[in-house]
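Chemist: Below are the structure tokens for one structure; questions will follow.
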Number of protein chains: 2
Amino acid sequence: MKRIAIDMDEVIADFNGKMIPSFNARFNAHITLADLEGLTIQQLRPDIKEQVEEMIGEATFFGDLAVMPDSQRVIKILARKYEIFITTAAMEFPLSFDAKFRWLEYHFPFINPMNIVFCGSKSILNADYLIDDNARHFEKFNGEAILFSAPHNKHATGFHRVNNWLEIESFFYANQ
Amino acid sequence: MKRIAIDMDEVIADFNGKMIPSFNARFNAHITLADLEGLTIQQLRPDIKEQVEEMIGEATFFGDLAVMPDSQRVIKILARKYEIFITTAAMEFPLSFDAKFRWLEYHFPFINPMNIVFCGSKSILNADYLIDDNARHFEKFNGEAILFSAPHNKHATGFHRVNNWLEIESFFYANQ
């Protein structure tokens, strides 16, 4: 059974959907998704990088992110033919472990907790596919990279790109 | 650079050194290390398995385990020639994430947090060696298995067994 490793933030969890309004409220700003084209929020506003990371690093920040459209349904279908692992880079925000684990339990109860991985470097993953919005995670990954579109990765090239979960569904349907 | 994945409990962290006195105090018992030969504590006392798991699952349980003798020194030496990852099965006790992360930060500050992995199934690991006390983790592991002796694995065979960190030092010295 082939294995698909799936990232959380900006892939199954709508990080920007919470980060942008939280950022605007806290820093009295007016950024939009379009401002993040080619940039992370830390790259867009290096002047307040530490305060931004403090905001994201709060214990509950990741607890109430919205679920990305169609991700639950498509992952449920994929789980019939593939081993599904959720592989999230949690080490930069160690306080997020609990909230992320509970979020997965609540929104993806059909995923075996034994198939959840909190890591830093994703070079440690042994999987056939990695669906991720951060192209840097593909550098040392041995399997097939699937780049999930997000504003910050708009200019990344050289990877198979998908724009949403419907495209992931089609990709794996075609690869059967 | 080859990569060594290293488990935490009973490999670099002395789980039994805390579990046994905690168990005896809480359940008014008198078990010793010898009682755990070939058995986990849950297998030894299935009658109170749930209470035992509740005790181990407390948020702070893993925070003050002693460091296994020579592990810091030997890992520091190995880190010169190998990529070191700490790979711990934390998903059975989700409240342990924080305490485990802080424990590593405190006792192994020279290990890059990006090289810490909290997982369930270790089949997801892409490494050349896995040092672990649980033989079940070797089943689907592609690299070389190194079984770290613990009372519960006394009867496990078919793996390269080491009894302490001095033997790990010798093993990798011989494999250079």
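Each chain in the structure tokens gets a letter, A, B and so on, in the order shown; residues start at 1 in every chain, and ligands are counted from 1 in the order they appear.
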If we count only C-alpha atoms and set the cut-off at 12 Å, which residues sit around Gln51 (chain A), ignoring sequence neighbours fewer than 6 positions away in its own chain? Please answer as number ranges by chain.
Modeler: A: 23, 26-27, 41-42, 45, 57-58
Chemist: Please dump the current selection as a PDB file, in the first residue's frame; keep all heavy atoms.
Modeler:
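Heads up, here's the output in result-v8.pdb:
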```pdb
ATOM      1  N   PHE A  23      -3.864  39.016  12.673  1.00  0.00           N
ATOM      2  CA  PHE A  23      -2.767  39.969  12.455  1.00  0.00           C
ATOM      3  C   PHE A  23      -3.306  41.397  12.360  1.00  0.00           C
ATOM      4  O   PHE A  23      -2.815  42.313  13.010  1.00  0.00           O
ATOM      5  CB  PHE A  23      -2.024  39.595  11.168  1.00  0.00           C
ATOM      6  CG  PHE A  23      -0.870  40.505  10.848  1.00  0.00           C
ATOM      7  CD1 PHE A  23       0.412  40.222  11.294  1.00  0.00           C
ATOM      8  CD2 PHE A  23      -1.071  41.668  10.104  1.00  0.00           C
ATOM      9  CE1 PHE A  23       1.476  41.071  10.999  1.00  0.00           C
ATOM     10  CE2 PHE A  23      -0.014  42.522   9.814  1.00  0.00           C
ATOM     11  CZ  PHE A  23       1.258  42.226  10.258  1.00  0.00           C
ATOM     12  N   ARG A  26      -4.553  42.604  15.775  1.00  0.00           N
ATOM     13  CA  ARG A  26      -3.515  42.839  16.780  1.00  0.00           C
ATOM     14  C   ARG A  26      -2.590  43.995  16.411  1.00  0.00           C
ATOM     15  O   ARG A  26      -2.131  44.732  17.281  1.00  0.00           O
ATOM     16  CB  ARG A  26      -2.688  41.566  17.007  1.00  0.00           C
ATOM     17  CG  ARG A  26      -1.682  41.782  18.145  1.00  0.00           C
ATOM     18  CD  ARG A  26      -0.891  40.573  18.547  1.00  0.00           C
ATOM     19  NE  ARG A  26      -1.687  39.433  18.971  1.00  0.00           N
ATOM     20  CZ  ARG A  26      -1.261  38.530  19.854  1.00  0.00           C
ATOM     21  NH1 ARG A  26      -0.083  38.665  20.434  1.00  0.00           N
ATOM     22  NH2 ARG A  26      -1.998  37.483  20.143  1.00  0.00           N
ATOM     23  N   PHE A  27      -2.288  44.141  15.123  1.00  0.00           N
ATOM     24  CA  PHE A  27      -1.292  45.149  14.727  1.00  0.00           C
ATOM     25  C   PHE A  27      -1.925  46.330  13.989  1.00  0.00           C
ATOM     26  O   PHE A  27      -1.212  47.122  13.362  1.00  0.00           O
ATOM     27  CB  PHE A  27      -0.192  44.493  13.892  1.00  0.00           C
ATOM     28  CG  PHE A  27       0.495  43.362  14.615  1.00  0.00           C
ATOM     29  CD1 PHE A  27       0.269  42.035  14.262  1.00  0.00           C
ATOM     30  CD2 PHE A  27       1.338  43.627  15.693  1.00  0.00           C
ATOM     31  CE1 PHE A  27       0.883  40.993  14.945  1.00  0.00           C
ATOM     32  CE2 PHE A  27       1.954  42.589  16.390  1.00  0.00           C
ATOM     33  CZ  PHE A  27       1.724  41.272  16.015  1.00  0.00           C
ATOM     34  N   ILE A  41       4.224  35.678   6.166  1.00  0.00           N
ATOM     35  CA  ILE A  41       3.916  36.890   6.930  1.00  0.00           C
ATOM     36  C   ILE A  41       5.194  37.460   7.583  1.00  0.00           C
ATOM     37  O   ILE A  41       5.371  38.681   7.664  1.00  0.00           O
ATOM     38  CB  ILE A  41       2.796  36.621   7.975  1.00  0.00           C
ATOM     39  CG1 ILE A  41       2.416  37.887   8.737  1.00  0.00           C
ATOM     40  CG2 ILE A  41       3.185  35.526   8.956  1.00  0.00           C
ATOM     41  CD1 ILE A  41       1.758  38.944   7.910  1.00  0.00           C
ATOM     42  N   GLN A  42       6.106  36.564   7.968  1.00  0.00           N
ATOM     43  CA  GLN A  42       7.367  37.041   8.566  1.00  0.00           C
ATOM     44  C   GLN A  42       8.221  37.778   7.533  1.00  0.00           C
ATOM     45  O   GLN A  42       8.970  38.695   7.890  1.00  0.00           O
ATOM     46  CB  GLN A  42       8.179  35.864   9.140  1.00  0.00           C
ATOM     47  CG  GLN A  42       7.529  35.188  10.355  1.00  0.00           C
ATOM     48  CD  GLN A  42       6.736  33.954   9.996  1.00  0.00           C
ATOM     49  OE1 GLN A  42       6.099  33.901   8.930  1.00  0.00           O
ATOM     50  NE2 GLN A  42       6.746  32.960  10.866  1.00  0.00           N
ATOM     51  N   ARG A  45       6.468  41.296   6.884  1.00  0.00           N
ATOM     52  CA  ARG A  45       6.634  42.272   7.957  1.00  0.00           C
ATOM     53  C   ARG A  45       7.793  41.880   8.883  1.00  0.00           C
ATOM     54  O   ARG A  45       7.591  41.565  10.065  1.00  0.00           O
ATOM     55  CB  ARG A  45       5.332  42.389   8.761  1.00  0.00           C
ATOM     56  CG  ARG A  45       4.176  43.037   7.994  1.00  0.00           C
ATOM     57  CD  ARG A  45       4.452  44.505   7.630  1.00  0.00           C
ATOM     58  NE  ARG A  45       4.712  45.303   8.808  1.00  0.00           N
ATOM     59  CZ  ARG A  45       3.762  45.946   9.509  1.00  0.00           C
ATOM     60  NH1 ARG A  45       2.505  45.899   9.104  1.00  0.00           N
ATOM     61  NH2 ARG A  45       4.075  46.644  10.580  1.00  0.00           N
ATOM     62  N   GLY A  57       2.536  31.473  17.920  1.00  0.00           N
ATOM     63  CA  GLY A  57       3.036  30.464  18.859  1.00  0.00           C
ATOM     64  C   GLY A  57       2.171  30.278  20.086  1.00  0.00           C
ATOM     65  O   GLY A  57       2.449  29.410  20.918  1.00  0.00           O
ATOM     66  N   GLU A  58       1.114  31.059  20.229  1.00  0.00           N
ATOM     67  CA  GLU A  58       0.244  30.903  21.402  1.00  0.00           C
ATOM     68  C   GLU A  58      -0.415  29.536  21.407  1.00  0.00           C
ATOM     69  O   GLU A  58      -0.773  28.998  20.349  1.00  0.00           O
ATOM     70  CB  GLU A  58      -0.814  32.019  21.417  1.00  0.00           C
ATOM     71  CG  GLU A  58      -0.225  33.342  21.895  1.00  0.00           C
ATOM     72  CD  GLU A  58      -1.133  34.542  21.653  1.00  0.00           C
ATOM     73  OE1 GLU A  58      -2.275  34.333  21.205  1.00  0.00           O
ATOM     74  OE2 GLU A  58      -0.684  35.681  21.902  1.00  0.00           O
TER      75      GLU A  58
END
```
Chemist: Do a neighbour search on Thr40 (chain B) at 10 Å with only C-alpha atoms, toss out local chain neighbours closer than 4 positions, and write the hits as a list in words.
Modeler: Asp35, Leu36, Leu44, Arg45, Pro46, Ala150, Pro151, His152 and Asn153 of chain B
Chemist: Return the neighbours of chain B among the residues of chain A, cut-off 6 Å, counting only C-alpha atoms, as an MDAnalysis selection string.
Modeler: chainID A and resid 114:121 124:126
Chemist: Residues of the last selection are to be written out with N, CA and C atoms, as an mmCIF file, in the first residue's frame.
Modeler:
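Wrote it out as out39.cif, contents follow:
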```cif
data_model
loop_
_atom_site.group_PDB
_atom_site.id
_atom_site.type_symbol
_atom_site.label_atom_id
_atom_site.label_comp_id
_atom_site.auth_asym_id
_atom_site.auth_seq_id
_atom_site.Cartn_x
_atom_site.Cartn_y
_atom_site.Cartn_z
ATOM 1 N N MET A 114 -1.819 7.034 15.411
ATOM 2 C CA MET A 114 -0.471 6.486 15.198
ATOM 3 C C MET A 114 0.129 6.980 13.878
ATOM 4 N N ASN A 115 -0.723 7.544 13.006
ATOM 5 C CA ASN A 115 -0.253 8.060 11.714
ATOM 6 C C ASN A 115 -0.129 9.584 11.715
ATOM 7 N N ILE A 116 0.025 10.159 12.896
ATOM 8 C CA ILE A 116 0.273 11.600 13.002
ATOM 9 C C ILE A 116 1.752 11.788 13.337
ATOM 10 N N VAL A 117 2.391 12.704 12.646
ATOM 11 C CA VAL A 117 3.814 12.954 12.873
ATOM 12 C C VAL A 117 4.034 14.444 13.086
ATOM 13 N N PHE A 118 4.609 14.792 14.227
ATOM 14 C CA PHE A 118 5.049 16.164 14.471
ATOM 15 C C PHE A 118 6.556 16.182 14.265
ATOM 16 N N CYS A 119 6.994 16.935 13.285
ATOM 17 C CA CYS A 119 8.428 16.922 13.021
ATOM 18 C C CYS A 119 8.926 18.329 12.781
ATOM 19 N N GLY A 120 10.205 18.423 12.457
ATOM 20 C CA GLY A 120 10.764 19.687 12.027
ATOM 21 C C GLY A 120 11.128 19.494 10.560
ATOM 22 N N SER A 121 12.304 18.903 10.351
ATOM 23 C CA SER A 121 12.746 18.569 8.998
ATOM 24 C C SER A 121 11.909 17.407 8.450
ATOM 25 N N ILE A 124 13.009 13.385 7.140
ATOM 26 C CA ILE A 124 12.920 12.134 7.901
ATOM 27 C C ILE A 124 11.763 11.255 7.424
ATOM 28 N N LEU A 125 10.898 11.789 6.560
ATOM 29 C CA LEU A 125 9.695 11.033 6.186
ATOM 30 C C LEU A 125 9.946 9.999 5.094
ATOM 31 N N ASN A 126 9.437 8.820 5.337
ATOM 32 C CA ASN A 126 9.506 7.733 4.378
ATOM 33 C C ASN A 126 8.104 7.549 3.796
#
```
Chemist: What residues in region 90-172 of chain B get the DSSP label strand (DSSP E)? Please answer as a list in words.
Modeler: Ile116, Val117, Phe118, Cys119, Tyr129, Leu130, Ile131, Asp132, Glu144, Ala145, Ile146, Leu147, Phe148, His160, Arg161 and Val162 of chain B
Chemist: Selection from above, N, CA and C atoms, as a CSV table (one decimal), in the first residue's frame, can you write it?
Modeler:
```
chain,number,residue,atom,x,y,z
B,116,ILE,N,13.7,16.6,15.9
B,116,ILE,CA,12.9,15.9,16.8
B,116,ILE,C,11.6,15.5,16.1
B,117,VAL,N,11.3,14.2,16.3
B,117,VAL,CA,10.0,13.7,15.7
B,117,VAL,C,9.2,13.0,16.7
B,118,PHE,N,7.9,13.5,16.8
B,118,PHE,CA,6.9,12.8,17.7
B,118,PHE,C,6.0,12.1,16.7
B,119,CYS,N,6.0,10.8,16.8
B,119,CYS,CA,5.2,10.0,15.9
B,119,CYS,C,4.5,8.9,16.7
B,129,TYR,N,19.7,3.9,10.6
B,129,TYR,CA,19.7,3.1,11.8
B,129,TYR,C,18.5,3.6,12.7
B,130,LEU,N,18.0,2.7,13.5
B,130,LEU,CA,17.0,3.0,14.5
B,130,LEU,C,17.4,2.3,15.8
B,131,ILE,N,17.6,3.1,16.8
B,131,ILE,CA,18.0,2.6,18.1
B,131,ILE,C,16.7,2.7,19.0
B,132,ASP,N,16.1,1.5,19.3
B,132,ASP,CA,14.8,1.5,20.0
B,132,ASP,C,14.7,0.3,20.9
B,144,GLU,N,18.8,-0.3,9.5
B,144,GLU,CA,19.3,-1.3,10.4
B,144,GLU,C,18.8,-1.1,11.8
B,145,ALA,N,18.3,-2.2,12.4
B,145,ALA,CA,17.6,-2.1,13.7
B,145,ALA,C,18.7,-2.4,14.8
B,146,ILE,N,18.7,-1.5,15.8
B,146,ILE,CA,19.5,-1.8,17.0
B,146,ILE,C,18.6,-1.8,18.2
B,147,LEU,N,18.5,-3.0,18.8
B,147,LEU,CA,17.6,-3.1,20.0
B,147,LEU,C,18.3,-2.7,21.3
B,148,PHE,N,17.8,-1.7,21.9
B,148,PHE,CA,18.4,-1.3,23.2
B,148,PHE,C,17.7,-2.1,24.3
B,160,HIS,N,20.2,-6.8,16.3
B,160,HIS,CA,21.4,-6.5,16.9
B,160,HIS,C,21.1,-5.8,18.3
B,161,ARG,N,21.5,-6.4,19.4
B,161,ARG,CA,21.2,-6.0,20.7
B,161,ARG,C,22.3,-5.2,21.3
B,162,VAL,N,22.0,-4.1,21.9
B,162,VAL,CA,23.0,-3.4,22.8
B,162,VAL,C,22.5,-3.2,24.2
```
Chemist: Can you list, as a ChimeraX atom specification, every residue of chain B that DSSP puts in helix (DSSP H, G or I)?
Modeler: /B:15-27,33-36,41-44,46-56,61-64,71-78,94-107,113-115,122-124,135-138,151-153,165-174
Chemist: CA of Asp70 (chain B) to CA of Met55 (chain B): how many Å, to one decimal?
Modeler: 27.9 Å
Chemist: Can you pull out every residue within 6 Å of Ser71 (chain B), counting only C-alpha atoms, but drop anything in the same chain fewer than 4 positions away, and send it as a PDB file with N, CA and C atoms, in the first residue's frame?
Modeler:
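What ended up in result26.pdb:
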```pdb
ATOM      1  N   ILE B  12      17.224   6.928  25.885  1.00  0.00           N
ATOM      2  CA  ILE B  12      17.981   8.071  26.434  1.00  0.00           C
ATOM      3  C   ILE B  12      17.334   8.580  27.730  1.00  0.00           C
ATOM      4  N   ILE B  75      26.076  10.458  22.076  1.00  0.00           N
ATOM      5  CA  ILE B  75      25.317  11.095  20.979  1.00  0.00           C
ATOM      6  C   ILE B  75      26.075  12.322  20.460  1.00  0.00           C
ATOM      7  N   TRP B 165      24.929   2.516  26.362  1.00  0.00           N
ATOM      8  CA  TRP B 165      25.455   3.458  25.376  1.00  0.00           C
ATOM      9  C   TRP B 165      26.931   3.231  25.049  1.00  0.00           C
TER      10      TRP B 165
END
```
Chemist: Please list as a CSV table (one decimal) with C-alpha atoms, in the first residue's frame every residue within 12 Å of Lys76 (chain A), counting only C-alpha atoms and excluding residues in the same chain fewer than 5 positions away.
Modeler:
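Contents of the output file out.csv:
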```
chain,number,residue,atom,x,y,z
A,70,ASP,CA,-13.0,19.1,0.4
A,71,SER,CA,-10.0,17.9,2.4
A,81,LYS,CA,-6.2,2.8,-1.2
A,82,TYR,CA,-3.3,4.6,0.5
A,83,GLU,CA,-1.8,4.8,3.9
A,84,ILE,CA,-2.4,8.3,5.1
A,107,HIS,CA,-11.9,17.2,12.3
A,108,PHE,CA,-10.2,14.0,11.0
A,109,PRO,CA,-11.3,11.3,13.5
A,110,PHE,CA,-10.9,8.6,10.9
A,111,ILE,CA,-7.1,9.2,10.8
A,112,ASN,CA,-5.3,6.8,13.1
A,165,TRP,CA,-8.4,19.2,-2.9
A,169,GLU,CA,-8.6,13.9,-6.0
```
Chemist: Go through A:Asp7, A:Ala34, A:Pro69, A:Phe61 one by one, measure the shortest atom-to-atom distance of each to Glu167 (chain A) using only C-alpha atoms, and give the residue with the smallest value.
Modeler: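 So, comparing all the options, the nearest one is A:Pro69.
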